[in-house]
Amino acid sequence: MSIKFSKVNYIYALGSPLEKRGLNDVSFELTEGNFIAIIGHTGSGKSTLMQHFNALLKPTSGKISIAGYNIDNQTSNKHLKKLRKHVSLVFQFPEAQLFENTVIDDISFGPKNFGYSEEEAINLAKKWLKKVGLPEDISQKSPFDLSGGQMRRVAIAGVMAYEPDILCLDEPAAGLDPQAKEQMMKLFKEYQQEGHTVILVTHNMDDVAEYADDVLVMENGNLIKHASPDKVFEDNDWLQKHQVLKPTAATFADKLSNFTFDKKPLTLDKLVTDISKNLKR
């Protein structure tokens with residue numbers, strides 16, 4: 001089953017003096033089960049687009065088909081809980097959404113809310129507490145007594161604990177130290193490889209190169225490119241025109257004037273492999 005946006009427009013504060021267009025005639029189709037990255041400058045429409053996947057925002061006009069549901073400006077809110085069991089959204093600073101008295105209660109809230117029994121919810125909470133790299137002995141602590149990084153992991157575990165089919169992530173690793181960030185990104189990739197769809201908003205082009213199968217590039221509310229990472233980063237002139245940064249490996253490869261590459265390396269592993277091949281020649 002695919003995810004399809006058809007001529008989706010979104011206007012903030014429609015009809016008021018503060019009216020502003022957030023999305024402009026956006027159309028694309030994504031294959032479920034992929035890891036999709038959404039990139040673009042601040043204000044390009046990335047987060048606005050992301051919030052349409054689970055109908056946190058509904059189109060001003062146009063239509064969205066996702067997880068067997070159709071969403072347009074007439075979609076009733078009373079049916080959205082069923083959709084949100086299948087399509088979840090992790091905000092940029094998810095720790096701001098913590099509210100329960102204990103870590104285990106916070107993580108198990110989502111599964112309980114979507115119909116799991118108390119026992120099932122607790123078991124899922126313990127499973128995801130471990131998966132995000134936190135020790136079980138913090139389960140009875142208040143989440144507000146944890147460090148900022150631990151709070152972030154608890155909040156992410158709470159969204160992943162009910163195991164949605166489509167996981168939407170809006171800069172989930174912002175502010176984490178490099179080791180914690182890498183651990184979380186590997187967790188999201190593993191989740192995708194287990195048969196789920198992951199959609200990531202990010203400013204980090206190295207993450208796009210390392211993890212994404214598919215990329216949406218936004219600019220001023222418009223979708224200006226939809227392609228694989230290889231295709232997105234292949235044209236230096238286009239990247240410069242739209243001020244899209246290249247992955248670190250690609251930037252380094254462009255400076256190696258005496259080396260030839262069959263295809264521009266986008267990850268450090270691929271760069272090392274290609275340099276080794278050049279040296280052997």
# chains A, B, ... in the order shown; residues from 1 in each chain; ligands from 1
>>> residues_around(residues="A:Glu95", least_positions_apart="4", cutoff="12 Å", atoms="only C-alpha atoms", output="ChimeraX atom specification")
/A:90-91,99-100,103,106-107,143-144,146-159,172-175
>>> write_last_selection(atoms="C-alpha atoms", output="PDB file, in the first residue's frame")
ATOM      1  CA  VAL A  90       7.354  12.313  17.187  1.00  0.00           C
ATOM      2  CA  PHE A  91       7.870  16.061  17.517  1.00  0.00           C
ATOM      3  CA  PHE A  99       3.118  14.032  31.696  1.00  0.00           C
ATOM      4  CA  GLU A 100       2.763  10.829  33.742  1.00  0.00           C
ATOM      5  CA  VAL A 103       8.505   6.429  33.290  1.00  0.00           C
ATOM      6  CA  ASP A 106       4.313   7.397  30.426  1.00  0.00           C
ATOM      7  CA  ILE A 107       5.562   4.776  27.970  1.00  0.00           C
ATOM      8  CA  PRO A 143      10.449  11.206  33.938  1.00  0.00           C
ATOM      9  CA  PHE A 144      11.080  14.757  35.138  1.00  0.00           C
ATOM     10  CA  LEU A 146      15.855  12.245  34.345  1.00  0.00           C
ATOM     11  CA  SER A 147      18.460  13.990  32.224  1.00  0.00           C
ATOM     12  CA  GLY A 148      17.345  15.743  29.046  1.00  0.00           C
ATOM     13  CA  GLY A 149      18.649  12.914  26.858  1.00  0.00           C
ATOM     14  CA  GLN A 150      16.898  10.279  28.959  1.00  0.00           C
ATOM     15  CA  MET A 151      13.637  12.233  28.826  1.00  0.00           C
ATOM     16  CA  ARG A 152      13.932  12.318  25.035  1.00  0.00           C
ATOM     17  CA  ARG A 153      14.344   8.535  24.921  1.00  0.00           C
ATOM     18  CA  VAL A 154      11.361   7.973  27.220  1.00  0.00           C
ATOM     19  CA  ALA A 155       9.185  10.178  25.014  1.00  0.00           C
ATOM     20  CA  ILE A 156      10.283   8.348  21.848  1.00  0.00           C
ATOM     21  CA  ALA A 157       9.698   4.977  23.528  1.00  0.00           C
ATOM     22  CA  GLY A 158       6.175   6.127  24.400  1.00  0.00           C
ATOM     23  CA  VAL A 159       5.374   6.737  20.737  1.00  0.00           C
ATOM     24  CA  PRO A 172      14.003  13.565  16.777  1.00  0.00           C
ATOM     25  CA  ALA A 173      17.752  13.618  17.465  1.00  0.00           C
ATOM     26  CA  ALA A 174      18.076  17.409  17.777  1.00  0.00           C
ATOM     27  CA  GLY A 175      20.215  18.258  20.795  1.00  0.00           C
TER      28      GLY A 175
END
>>> select_by_dssp(residues="stretch 88-170 of chain A", states="strand (DSSP E or B)", output="number ranges by chain")
A: 88-90, 166-170
>>> residues_around(residues="A:Ala67", least_positions_apart="5", cutoff="10 Å", atoms="only C-alpha atoms", output="list in words")
Met1, Ser2, Ile3, Lys4, Glu32, Phe53, Asn54, Leu83, Arg84, His86, Val87, Asp165 and Ile166 of chain A
>>> residues_around(residues="A:Asn9", least_positions_apart="5", cutoff="7 Å", atoms="only C-alpha atoms", output="number ranges by chain")
A: 23-26, 59-62
>>> write_last_selection(atoms="N, CA and C atoms", output="compact mmCIF listing (two decimals), in the first residue's frame")
# COMPACT_ATOMS: atom_id res chain seq x y z
N LEU A 23 1.68 24.86 2.31
CA LEU A 23 1.95 23.88 1.25
C LEU A 23 1.28 24.34 -0.02
N ASN A 24 1.95 24.11 -1.15
CA ASN A 24 1.44 24.58 -2.43
C ASN A 24 1.37 23.45 -3.44
N ASP A 25 0.17 22.88 -3.61
CA ASP A 25 -0.08 21.91 -4.68
C ASP A 25 0.91 20.74 -4.63
N VAL A 26 1.07 20.16 -3.46
CA VAL A 26 2.06 19.10 -3.25
C VAL A 26 1.47 17.74 -3.62
N PRO A 59 -5.64 19.02 4.94
CA PRO A 59 -5.44 19.89 3.79
C PRO A 59 -6.53 20.96 3.68
N THR A 60 -6.12 22.15 3.28
CA THR A 60 -7.10 23.17 2.90
C THR A 60 -7.81 22.72 1.63
N SER A 61 -7.05 22.10 0.74
CA SER A 61 -7.62 21.44 -0.44
C SER A 61 -6.69 20.31 -0.83
N GLY A 62 -7.20 19.38 -1.64
CA GLY A 62 -6.42 18.21 -2.02
C GLY A 62 -6.79 17.01 -1.18
>>> residues_around(residues="A:Val272", least_positions_apart="6", cutoff="10 Å", atoms="only C-alpha atoms", output="count of residues only")
4
>>> closest_residue(among="A:Tyr162, A:Lys189, A:Glu194, A:Ile199", to="A:His52", atoms="only C-alpha atoms")
A:Ile199
>>> select_by_dssp(residues="stretch 19-55 of chain A", states="helix (DSSP H, G or I)", output="list in words")
Lys46, Ser47, Thr48, Leu49 and Met50 of chain A
>>> closest_residue(among="A:Leu271, A:Leu57, A:Leu98, A:Ile38", to="A:Val232", atoms="only C-alpha atoms")
A:Ile38
>>> closest_residue(among="A:Phe261, A:Ala55, A:Gly133, A:Phe252", to="A:Thr273", atoms="only C-alpha atoms")
A:Phe261
>>> closest_residue(among="A:Leu56, A:Ala209, A:Ala125, A:Val215", to="A:Thr31", atoms="only C-alpha atoms")
A:Val215
>>> atom_distance(atom1="atom CA of A:Ala161", atom2="atom CA of A:Pro111")
6.5 Å
